[in-house]
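> Before anything else, here's the structure in question.
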Amino acid sequence: MVMSWIWTGIVLVSILCSLLQGKGSALAAAALQGAQAGVTLAVSIAGAICLWTGVGKLMEKTGVTDVLSRLMQPLLNRLFPSTRQDAALARDLSANICANLLGLGNAATPMGIQAAKRLRRGQTATNELCRLIVLNTASIQLIPANVAAVRSALGCASAFDILPAVWITSLFSAGLGVCAAWLLGKVWGE
């Protein structure tokens, strides 16, 4: 609710300033051009999002996510001890992590929500739930598919030339985030 008031205030101040400077027509043209560019961008990346979401569903239907879940079991057991007793949680977490590895935050969200529901204990966030949120926020990306789709839609000749920077920053951010969540979990306990 507060953000809607902030955004409304920003828009109103912008309109007022443009009118006071006599640039109302320039503001109107920029608003229309921005809206058109937004629609064009959304339509152009929709194909890539559909492709990778379909790949995720195909992986789930063919059992690839179950295989990945078994391969990721040692890591999942270490980060999320609840996966030892809950196979559905392990499956949701591994599918979520795999989707994030492919840079598909939008495809990872439903599985992350399912895992979060399984990790929740009443109204309190558990340490495992906090680690899941950190991992989803900082997600390690091997193939930043959505970012590459946006770069390609905006005319970038080599959409994947950012890979080394993405790998380094995502590894550091996820590693530091998980360490911080683990440390804070130890300090405040569960």
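Chain labels follow the order of the structure tokens: the first chain is A, the next B, and so on; residue numbering restarts at 1 in every chain, and ligands are counted from 1 in their shown order.
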I want to know what sits within 8 Å of stretch 70-80 of chain A, based on only C-alpha atoms, with residues of the same chain fewer than 2 positions away left out; could you give that as a list in words?
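Once the nearby chain positions are removed, what remains is Asp66, Val67, Leu68, Ser82, Thr83, Arg84, Ala90, Leu93, Ser94, Glu128 and Arg131 of chain A.
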> For stretch 140-154 of chain A, please output as a ChimeraX atom specification all residues within 10 Å (counting only C-alpha atoms; exclusion window: fewer than 5 positions along the same chain).
/A:37,40-49,52,97-106,135,159-164,166-175
> Hey, what does DSSP flag as helix (DSSP H, G or I) within stretch 8-144 of chain A? Can you give it to me as a VMD selection string?
chain A and resid 8 to 20 24 to 62 64 to 71 73 to 79 81 to 84 87 to 101 105 to 119 127 to 138
> Residues within 7 Å of stretch 112-115 of chain A, please, as a short mmCIF file (atom, residue, chain, number, x, y, z; two decimals) with N, CA, C and O atoms, in the first residue's frame. Count only C-alpha atoms; anything in the same chain fewer than 3 positions from it doesn't count.

data_model
loop_
_atom_site.label_atom_id
_atom_site.label_comp_id
_atom_site.auth_asym_id
_atom_site.auth_seq_id
_atom_site.Cartn_x
_atom_site.Cartn_y
_atom_site.Cartn_z
N LEU A 89 9.59 -32.81 -0.41
CA LEU A 89 10.36 -31.59 -0.17
C LEU A 89 11.67 -31.63 -0.95
O LEU A 89 12.04 -30.65 -1.59
N ASP A 92 10.86 -30.98 -4.62
CA ASP A 92 10.54 -29.57 -4.86
C ASP A 92 11.79 -28.70 -4.79
O ASP A 92 11.99 -27.81 -5.62
N LEU A 93 12.64 -28.95 -3.80
CA LEU A 93 13.87 -28.17 -3.65
C LEU A 93 14.82 -28.39 -4.82
O LEU A 93 15.40 -27.44 -5.33
N ASN A 96 13.47 -26.65 -7.86
CA ASN A 96 13.63 -25.21 -7.68
C ASN A 96 15.08 -24.80 -7.94
O ASN A 96 15.34 -23.83 -8.67
N ALA A 108 11.02 -21.35 -11.41
CA ALA A 108 11.42 -21.86 -10.10
C ALA A 108 10.44 -21.47 -9.00
O ALA A 108 10.35 -22.15 -7.98
N THR A 109 9.71 -20.40 -9.21
CA THR A 109 8.83 -19.86 -8.16
C THR A 109 7.80 -20.86 -7.65
O THR A 109 7.68 -21.04 -6.43
N ARG A 118 6.22 -26.52 2.81
CA ARG A 118 6.60 -27.72 3.53
C ARG A 118 7.60 -27.41 4.66
O ARG A 118 7.67 -28.16 5.63
N LEU A 119 8.37 -26.33 4.52
CA LEU A 119 9.36 -25.96 5.52
C LEU A 119 8.80 -25.09 6.64
O LEU A 119 9.43 -24.93 7.68
#
> Write out as a ChimeraX atom specification the residues lying within 12 Å of stretch 27-34 of chain A, counting only C-alpha atoms and excluding same-chain residues fewer than 2 positions away.
/A:11-12,14-25,36-41
> Give me, as a VMD selection string, all polymer residues having an atom no more than 12 Å from A:Thr126, counting only C-alpha atoms and skipping those fewer than 3 positions away in the same chain.
chain A and resid 80 to 82 116 to 123 129 to 133 181 to 182 184 to 186 188 to 190
> So, counting only C-alpha atoms, which residue among A:Gln85, A:Thr8, A:Asn127, A:Thr65 is closest to A:Met111?
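Closest to A:Met111, using only C-alpha atoms: A:Thr65.
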> Give me, please, the distance in Å between atom CA of A:Asn136 and atom CA of A:Thr62, quoted to one decimal.
24.4 Å
> Calculate how many Å separate atom CA of A:Ser158 from atom CA of A:Ala95, rounding to one decimal.
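Between atom CA of A:Ser158 and atom CA of A:Ala95 the gap works out to 28.3 Å.
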> Quote the spacing between atom CA of A:Val178 and atom CA of A:Thr137 in Å to one decimal place.
10.6 Å
